[in-house]
Amino acid sequence: MQSPIVIQKTSDGSHTLYLPDMDEHYHSVNGAVQESLHVYINTAFNKCKKDEIRVLEMGFGTGLNALLTFMEAAKRNIKLHYTTLEKYPLTKEIISSLNYSDSDKELFEKIHTAEWNTPVNITEDRIIHKVHTDFNDYDYSLGTYDVVYYDAFAPDKQSEVWSEDLFNKIFLSMNTDGVLSTYCAKGEIRRRMQSAGFVVSRLPGPPGKREILMAQKN
């Protein structure tokens with residue numbers, strides 16, 4: 001029998017989830033929102049200056065990255081198509097206990113109540129497409145992406161979703177000048193990204209994390 005998921009408050013006051021059986025957190029205990037803003041919004045999404053941005057997220061999880069991205073898209077007044085892949089969606093009970101909705105309760109609820117496996121308009125110009133799938137089973141040729149958030153569980157926990165083959169597929173699905181970001185800065189992961197064709201940079205990480213990776217398709 002699996003141990004229940006534990007909700008924990010992080011250093012910036014926002015929640016993360018802890019999986020005892022994997023000894024893994026969904027977000028940094030040093031600040032969940034702070035980490036998401038640093039690693040994904042500022043490092044990847046805000047690097048793209050298009051009027052319409054297509055995002056691919058590897059790991060929907062709590063929906064935090066999606067929430068912050070939709071908020072940023074509204075702030076910048078740009079169109080957004082957000083595709084997010086998740087094999088193990090969280091229960092409504094866990095979602096309703098998270099404090100991310102303090103930022104925008106209506107938006108948070110719209111994101112989480114959006115039907116799976118079909119594009120859903122959150123607003124007229126902003127769409128979410130939540131796909132219930134394993135990363136390795138998804139057909140990456142279905143779309144082209146400007147930004148990729150690589151937010152899978154750590155390589156030592158789920159090595160199968162950090163393969164060079166998967167990075168190859170993602171690279172081919174991305175538009176020129178596309179940006180991928182991830183909290184993981186392991187040398188082997190950086191080399192796999194480079195083998196797939198990415199130009200990879202090490203950048204300073206958020207609190208509690210020395211470095212992160214940003215990969216670009218030039």
# chains A, B, ... in the order shown; residues from 1 in each chain; ligands from 1
$ select_by_dssp --residues "segment 94-180 of chain A" --states "strand (DSSP E)" --output "PDB file with all heavy atoms, in the first residue's frame"
ATOM      1  N   VAL A 120      -8.930  23.187 -24.286  1.00  0.00           N
ATOM      2  CA  VAL A 120     -10.000  23.927 -23.599  1.00  0.00           C
ATOM      3  C   VAL A 120      -9.605  25.394 -23.513  1.00  0.00           C
ATOM      4  O   VAL A 120      -8.485  25.723 -23.091  1.00  0.00           O
ATOM      5  CB  VAL A 120     -10.239  23.374 -22.175  1.00  0.00           C
ATOM      6  CG1 VAL A 120     -11.277  24.223 -21.445  1.00  0.00           C
ATOM      7  CG2 VAL A 120     -10.672  21.915 -22.231  1.00  0.00           C
ATOM      8  N   ASN A 121     -10.514  26.285 -23.900  1.00  0.00           N
ATOM      9  CA  ASN A 121     -10.272  27.726 -23.786  1.00  0.00           C
ATOM     10  C   ASN A 121     -10.427  28.176 -22.339  1.00  0.00           C
ATOM     11  O   ASN A 121     -11.515  28.075 -21.763  1.00  0.00           O
ATOM     12  CB  ASN A 121     -11.241  28.509 -24.670  1.00  0.00           C
ATOM     13  CG  ASN A 121     -10.835  28.504 -26.120  1.00  0.00           C
ATOM     14  OD1 ASN A 121     -11.098  27.540 -26.843  1.00  0.00           O
ATOM     15  ND2 ASN A 121     -10.186  29.570 -26.553  1.00  0.00           N
ATOM     16  N   ILE A 122      -9.353  28.676 -21.758  1.00  0.00           N
ATOM     17  CA  ILE A 122      -9.417  29.276 -20.429  1.00  0.00           C
ATOM     18  C   ILE A 122      -9.926  30.708 -20.566  1.00  0.00           C
ATOM     19  O   ILE A 122     -10.726  31.192 -19.776  1.00  0.00           O
ATOM     20  CB  ILE A 122      -8.035  29.251 -19.751  1.00  0.00           C
ATOM     21  CG1 ILE A 122      -7.552  27.803 -19.582  1.00  0.00           C
ATOM     22  CG2 ILE A 122      -8.091  29.955 -18.397  1.00  0.00           C
ATOM     23  CD1 ILE A 122      -8.460  26.918 -18.740  1.00  0.00           C
ATOM     24  N   THR A 123      -9.438  31.396 -21.605  1.00  0.00           N
ATOM     25  CA  THR A 123      -9.992  32.670 -22.050  1.00  0.00           C
ATOM     26  C   THR A 123     -10.085  32.573 -23.573  1.00  0.00           C
ATOM     27  O   THR A 123      -9.699  31.558 -24.161  1.00  0.00           O
ATOM     28  CB  THR A 123      -9.093  33.861 -21.661  1.00  0.00           C
ATOM     29  OG1 THR A 123      -7.851  33.764 -22.378  1.00  0.00           O
ATOM     30  CG2 THR A 123      -8.820  33.889 -20.166  1.00  0.00           C
ATOM     31  N   ARG A 126      -6.482  32.092 -24.851  1.00  0.00           N
ATOM     32  CA  ARG A 126      -5.555  31.243 -24.102  1.00  0.00           C
ATOM     33  C   ARG A 126      -6.157  29.860 -23.855  1.00  0.00           C
ATOM     34  O   ARG A 126      -7.214  29.742 -23.255  1.00  0.00           O
ATOM     35  CB  ARG A 126      -5.148  31.922 -22.795  1.00  0.00           C
ATOM     36  CG  ARG A 126      -4.430  33.237 -23.076  1.00  0.00           C
ATOM     37  CD  ARG A 126      -4.015  34.041 -21.878  1.00  0.00           C
ATOM     38  NE  ARG A 126      -3.674  35.376 -22.367  1.00  0.00           N
ATOM     39  CZ  ARG A 126      -4.366  36.472 -22.096  1.00  0.00           C
ATOM     40  NH1 ARG A 126      -5.415  36.423 -21.290  1.00  0.00           N
ATOM     41  NH2 ARG A 126      -4.001  37.640 -22.619  1.00  0.00           N
ATOM     42  N   ILE A 127      -5.441  28.858 -24.335  1.00  0.00           N
ATOM     43  CA  ILE A 127      -5.934  27.482 -24.348  1.00  0.00           C
ATOM     44  C   ILE A 127      -5.024  26.572 -23.537  1.00  0.00           C
ATOM     45  O   ILE A 127      -3.801  26.705 -23.576  1.00  0.00           O
ATOM     46  CB  ILE A 127      -5.995  26.960 -25.804  1.00  0.00           C
ATOM     47  CG1 ILE A 127      -6.995  27.777 -26.621  1.00  0.00           C
ATOM     48  CG2 ILE A 127      -6.347  25.471 -25.854  1.00  0.00           C
ATOM     49  CD1 ILE A 127      -6.913  27.515 -28.115  1.00  0.00           C
ATOM     50  N   ILE A 128      -5.631  25.635 -22.815  1.00  0.00           N
ATOM     51  CA  ILE A 128      -4.864  24.588 -22.154  1.00  0.00           C
ATOM     52  C   ILE A 128      -5.275  23.236 -22.736  1.00  0.00           C
ATOM     53  O   ILE A 128      -6.449  22.999 -23.029  1.00  0.00           O
ATOM     54  CB  ILE A 128      -5.047  24.598 -20.622  1.00  0.00           C
ATOM     55  CG1 ILE A 128      -3.983  23.694 -19.974  1.00  0.00           C
ATOM     56  CG2 ILE A 128      -6.460  24.187 -20.203  1.00  0.00           C
ATOM     57  CD1 ILE A 128      -3.824  23.902 -18.481  1.00  0.00           C
ATOM     58  N   HIS A 129      -4.289  22.385 -22.934  1.00  0.00           N
ATOM     59  CA  HIS A 129      -4.526  21.025 -23.423  1.00  0.00           C
ATOM     60  C   HIS A 129      -3.796  20.075 -22.480  1.00  0.00           C
ATOM     61  O   HIS A 129      -2.587  19.882 -22.583  1.00  0.00           O
ATOM     62  CB  HIS A 129      -4.009  20.879 -24.862  1.00  0.00           C
ATOM     63  CG  HIS A 129      -4.362  19.570 -25.485  1.00  0.00           C
ATOM     64  ND1 HIS A 129      -3.854  19.173 -26.702  1.00  0.00           N
ATOM     65  CD2 HIS A 129      -5.167  18.548 -25.076  1.00  0.00           C
ATOM     66  CE1 HIS A 129      -4.340  17.978 -27.017  1.00  0.00           C
ATOM     67  NE2 HIS A 129      -5.128  17.576 -26.042  1.00  0.00           N
ATOM     68  N   LYS A 130      -4.529  19.516 -21.536  1.00  0.00           N
ATOM     69  CA  LYS A 130      -3.960  18.588 -20.563  1.00  0.00           C
ATOM     70  C   LYS A 130      -4.054  17.178 -21.142  1.00  0.00           C
ATOM     71  O   LYS A 130      -5.149  16.707 -21.447  1.00  0.00           O
ATOM     72  CB  LYS A 130      -4.712  18.672 -19.234  1.00  0.00           C
ATOM     73  CG  LYS A 130      -4.692  20.053 -18.603  1.00  0.00           C
ATOM     74  CD  LYS A 130      -5.265  20.048 -17.183  1.00  0.00           C
ATOM     75  CE  LYS A 130      -6.700  19.620 -17.162  1.00  0.00           C
ATOM     76  NZ  LYS A 130      -7.296  19.732 -15.809  1.00  0.00           N
ATOM     77  N   VAL A 131      -2.920  16.523 -21.273  1.00  0.00           N
ATOM     78  CA  VAL A 131      -2.880  15.201 -21.891  1.00  0.00           C
ATOM     79  C   VAL A 131      -2.490  14.158 -20.847  1.00  0.00           C
ATOM     80  O   VAL A 131      -1.424  14.250 -20.234  1.00  0.00           O
ATOM     81  CB  VAL A 131      -1.888  15.162 -23.070  1.00  0.00           C
ATOM     82  CG1 VAL A 131      -1.963  13.805 -23.779  1.00  0.00           C
ATOM     83  CG2 VAL A 131      -2.164  16.296 -24.052  1.00  0.00           C
ATOM     84  N   HIS A 132      -3.364  13.182 -20.667  1.00  0.00           N
ATOM     85  CA  HIS A 132      -3.130  12.108 -19.698  1.00  0.00           C
ATOM     86  C   HIS A 132      -2.301  11.030 -20.381  1.00  0.00           C
ATOM     87  O   HIS A 132      -2.831  10.173 -21.083  1.00  0.00           O
ATOM     88  CB  HIS A 132      -4.476  11.554 -19.219  1.00  0.00           C
ATOM     89  CG  HIS A 132      -4.361  10.593 -18.078  1.00  0.00           C
ATOM     90  ND1 HIS A 132      -5.449   9.922 -17.568  1.00  0.00           N
ATOM     91  CD2 HIS A 132      -3.286  10.202 -17.352  1.00  0.00           C
ATOM     92  CE1 HIS A 132      -5.049   9.147 -16.574  1.00  0.00           C
ATOM     93  NE2 HIS A 132      -3.746   9.293 -16.428  1.00  0.00           N
ATOM     94  N   TYR A 145       6.476  23.780 -30.657  1.00  0.00           N
ATOM     95  CA  TYR A 145       6.525  24.500 -29.379  1.00  0.00           C
ATOM     96  C   TYR A 145       7.642  25.540 -29.358  1.00  0.00           C
ATOM     97  O   TYR A 145       8.716  25.327 -29.913  1.00  0.00           O
ATOM     98  CB  TYR A 145       6.711  23.494 -28.233  1.00  0.00           C
ATOM     99  CG  TYR A 145       5.690  22.383 -28.278  1.00  0.00           C
ATOM    100  CD1 TYR A 145       6.028  21.132 -28.782  1.00  0.00           C
ATOM    101  CD2 TYR A 145       4.378  22.604 -27.878  1.00  0.00           C
ATOM    102  CE1 TYR A 145       5.082  20.119 -28.868  1.00  0.00           C
ATOM    103  CE2 TYR A 145       3.429  21.607 -27.956  1.00  0.00           C
ATOM    104  CZ  TYR A 145       3.783  20.362 -28.455  1.00  0.00           C
ATOM    105  OH  TYR A 145       2.837  19.366 -28.551  1.00  0.00           O
ATOM    106  N   ASP A 146       7.336  26.652 -28.700  1.00  0.00           N
ATOM    107  CA  ASP A 146       8.313  27.729 -28.518  1.00  0.00           C
ATOM    108  C   ASP A 146       9.053  27.597 -27.200  1.00  0.00           C
ATOM    109  O   ASP A 146      10.206  28.018 -27.078  1.00  0.00           O
ATOM    110  CB  ASP A 146       7.604  29.093 -28.533  1.00  0.00           C
ATOM    111  CG  ASP A 146       6.804  29.315 -29.799  1.00  0.00           C
ATOM    112  OD1 ASP A 146       7.417  29.335 -30.888  1.00  0.00           O
ATOM    113  OD2 ASP A 146       5.565  29.453 -29.713  1.00  0.00           O
ATOM    114  N   VAL A 147       8.362  27.038 -26.208  1.00  0.00           N
ATOM    115  CA  VAL A 147       8.895  26.941 -24.851  1.00  0.00           C
ATOM    116  C   VAL A 147       8.584  25.549 -24.302  1.00  0.00           C
ATOM    117  O   VAL A 147       7.471  25.048 -24.481  1.00  0.00           O
ATOM    118  CB  VAL A 147       8.258  28.015 -23.939  1.00  0.00           C
ATOM    119  CG1 VAL A 147       8.653  27.803 -22.478  1.00  0.00           C
ATOM    120  CG2 VAL A 147       8.651  29.417 -24.401  1.00  0.00           C
ATOM    121  N   VAL A 148       9.566  24.944 -23.636  1.00  0.00           N
ATOM    122  CA  VAL A 148       9.353  23.658 -22.980  1.00  0.00           C
ATOM    123  C   VAL A 148       9.787  23.762 -21.524  1.00  0.00           C
ATOM    124  O   VAL A 148      10.902  24.203 -21.230  1.00  0.00           O
ATOM    125  CB  VAL A 148      10.142  22.520 -23.674  1.00  0.00           C
ATOM    126  CG1 VAL A 148       9.980  21.212 -22.900  1.00  0.00           C
ATOM    127  CG2 VAL A 148       9.677  22.349 -25.108  1.00  0.00           C
ATOM    128  N   TYR A 149       8.889  23.367 -20.621  1.00  0.00           N
ATOM    129  CA  TYR A 149       9.224  23.259 -19.202  1.00  0.00           C
ATOM    130  C   TYR A 149       9.499  21.777 -18.918  1.00  0.00           C
ATOM    131  O   TYR A 149       8.590  20.955 -19.012  1.00  0.00           O
ATOM    132  CB  TYR A 149       8.053  23.689 -18.315  1.00  0.00           C
ATOM    133  CG  TYR A 149       7.551  25.092 -18.476  1.00  0.00           C
ATOM    134  CD1 TYR A 149       6.256  25.418 -18.059  1.00  0.00           C
ATOM    135  CD2 TYR A 149       8.332  26.119 -19.010  1.00  0.00           C
ATOM    136  CE1 TYR A 149       5.759  26.701 -18.163  1.00  0.00           C
ATOM    137  CE2 TYR A 149       7.843  27.408 -19.125  1.00  0.00           C
ATOM    138  CZ  TYR A 149       6.546  27.696 -18.697  1.00  0.00           C
ATOM    139  OH  TYR A 149       6.048  28.965 -18.808  1.00  0.00           O
ATOM    140  N   TYR A 150      10.731  21.447 -18.559  1.00  0.00           N
ATOM    141  CA  TYR A 150      11.049  20.059 -18.248  1.00  0.00           C
ATOM    142  C   TYR A 150      11.013  19.888 -16.734  1.00  0.00           C
ATOM    143  O   TYR A 150      12.009  20.072 -16.046  1.00  0.00           O
ATOM    144  CB  TYR A 150      12.419  19.668 -18.821  1.00  0.00           C
ATOM    145  CG  TYR A 150      12.428  18.246 -19.316  1.00  0.00           C
ATOM    146  CD1 TYR A 150      12.218  17.961 -20.657  1.00  0.00           C
ATOM    147  CD2 TYR A 150      12.608  17.172 -18.441  1.00  0.00           C
ATOM    148  CE1 TYR A 150      12.186  16.654 -21.117  1.00  0.00           C
ATOM    149  CE2 TYR A 150      12.580  15.876 -18.892  1.00  0.00           C
ATOM    150  CZ  TYR A 150      12.372  15.615 -20.233  1.00  0.00           C
ATOM    151  OH  TYR A 150      12.336  14.315 -20.681  1.00  0.00           O
ATOM    152  N   MET A 174      10.293  21.434 -31.534  1.00  0.00           N
ATOM    153  CA  MET A 174      10.403  22.839 -31.157  1.00  0.00           C
ATOM    154  C   MET A 174      10.684  23.737 -32.352  1.00  0.00           C
ATOM    155  O   MET A 174      11.340  23.334 -33.315  1.00  0.00           O
ATOM    156  CB  MET A 174      11.499  23.019 -30.104  1.00  0.00           C
ATOM    157  CG  MET A 174      11.161  22.385 -28.768  1.00  0.00           C
ATOM    158  SD  MET A 174      12.486  22.562 -27.536  1.00  0.00           S
ATOM    159  CE  MET A 174      12.434  24.343 -27.237  1.00  0.00           C
ATOM    160  N   ASN A 175      10.163  24.958 -32.263  1.00  0.00           N
ATOM    161  CA  ASN A 175      10.437  25.962 -33.283  1.00  0.00           C
ATOM    162  C   ASN A 175      11.864  26.493 -33.125  1.00  0.00           C
ATOM    163  O   ASN A 175      12.451  26.421 -32.036  1.00  0.00           O
ATOM    164  CB  ASN A 175       9.444  27.125 -33.162  1.00  0.00           C
ATOM    165  CG  ASN A 175       8.034  26.707 -33.509  1.00  0.00           C
ATOM    166  OD1 ASN A 175       7.816  25.957 -34.463  1.00  0.00           O
ATOM    167  ND2 ASN A 175       7.061  27.177 -32.738  1.00  0.00           N
ATOM    168  N   THR A 176      12.412  27.056 -34.207  1.00  0.00           N
ATOM    169  CA  THR A 176      13.717  27.706 -34.136  1.00  0.00           C
ATOM    170  C   THR A 176      13.669  28.834 -33.105  1.00  0.00           C
ATOM    171  O   THR A 176      12.674  29.555 -33.017  1.00  0.00           O
ATOM    172  CB  THR A 176      14.112  28.271 -35.514  1.00  0.00           C
ATOM    173  OG1 THR A 176      14.130  27.204 -36.462  1.00  0.00           O
ATOM    174  CG2 THR A 176      15.482  28.910 -35.472  1.00  0.00           C
ATOM    175  N   ASP A 177      14.730  28.961 -32.331  1.00  0.00           N
ATOM    176  CA  ASP A 177      14.826  29.923 -31.218  1.00  0.00           C
ATOM    177  C   ASP A 177      13.994  29.491 -30.012  1.00  0.00           C
ATOM    178  O   ASP A 177      13.794  30.281 -29.079  1.00  0.00           O
ATOM    179  CB  ASP A 177      14.421  31.337 -31.640  1.00  0.00           C
ATOM    180  CG  ASP A 177      15.346  31.912 -32.696  1.00  0.00           C
ATOM    181  OD1 ASP A 177      16.553  31.591 -32.656  1.00  0.00           O
ATOM    182  OD2 ASP A 177      14.872  32.662 -33.569  1.00  0.00           O
ATOM    183  N   GLY A 178      13.511  28.232 -30.017  1.00  0.00           N
ATOM    184  CA  GLY A 178      12.778  27.720 -28.868  1.00  0.00           C
ATOM    185  C   GLY A 178      13.680  27.554 -27.657  1.00  0.00           C
ATOM    186  O   GLY A 178      14.898  27.381 -27.777  1.00  0.00           O
ATOM    187  N   VAL A 179      13.071  27.614 -26.462  1.00  0.00           N
ATOM    188  CA  VAL A 179      13.820  27.537 -25.203  1.00  0.00           C
ATOM    189  C   VAL A 179      13.233  26.443 -24.313  1.00  0.00           C
ATOM    190  O   VAL A 179      12.022  26.365 -24.128  1.00  0.00           O
ATOM    191  CB  VAL A 179      13.780  28.876 -24.439  1.00  0.00           C
ATOM    192  CG1 VAL A 179      14.557  28.767 -23.130  1.00  0.00           C
ATOM    193  CG2 VAL A 179      14.336  30.007 -25.289  1.00  0.00           C
ATOM    194  N   LEU A 180      14.093  25.601 -23.780  1.00  0.00           N
ATOM    195  CA  LEU A 180      13.721  24.584 -22.797  1.00  0.00           C
ATOM    196  C   LEU A 180      14.443  24.911 -21.500  1.00  0.00           C
ATOM    197  O   LEU A 180      15.630  25.249 -21.516  1.00  0.00           O
ATOM    198  CB  LEU A 180      14.119  23.194 -23.296  1.00  0.00           C
ATOM    199  CG  LEU A 180      13.858  21.987 -22.390  1.00  0.00           C
ATOM    200  CD1 LEU A 180      13.692  20.718 -23.241  1.00  0.00           C
ATOM    201  CD2 LEU A 180      14.974  21.761 -21.358  1.00  0.00           C
TER     202      LEU A 180
END
$ residues_around --residues "segment 8-12 of chain A" --least-positions-apart "4" --cutoff "8 Å" --atoms "only C-alpha atoms" --output "count of residues only"
10
$ atom_distance --atom1 "atom CA of Ala73 of chain A" --atom2 "atom CA of Tyr40 of chain A"
13.2 Å
$ atom_distance --atom1 "atom CA of Leu166 of chain A" --atom2 "atom CA of Asn136 of chain A"
6.9 Å
$ select_by_dssp --residues "segment 12-215 of chain A" --states "helix (DSSP H, G or I)" --output "ChimeraX atom specification"
/A:32-42,45-47,64-76,92-97,99-102,105-113,135-137,140-142,159-161,164-173,187-196
$ closest_residue --among "A:Cys184, A:Ile189, A:Leu172, A:Met58" --to "Ala154 of chain A" --atoms "only C-alpha atoms"
A:Cys184
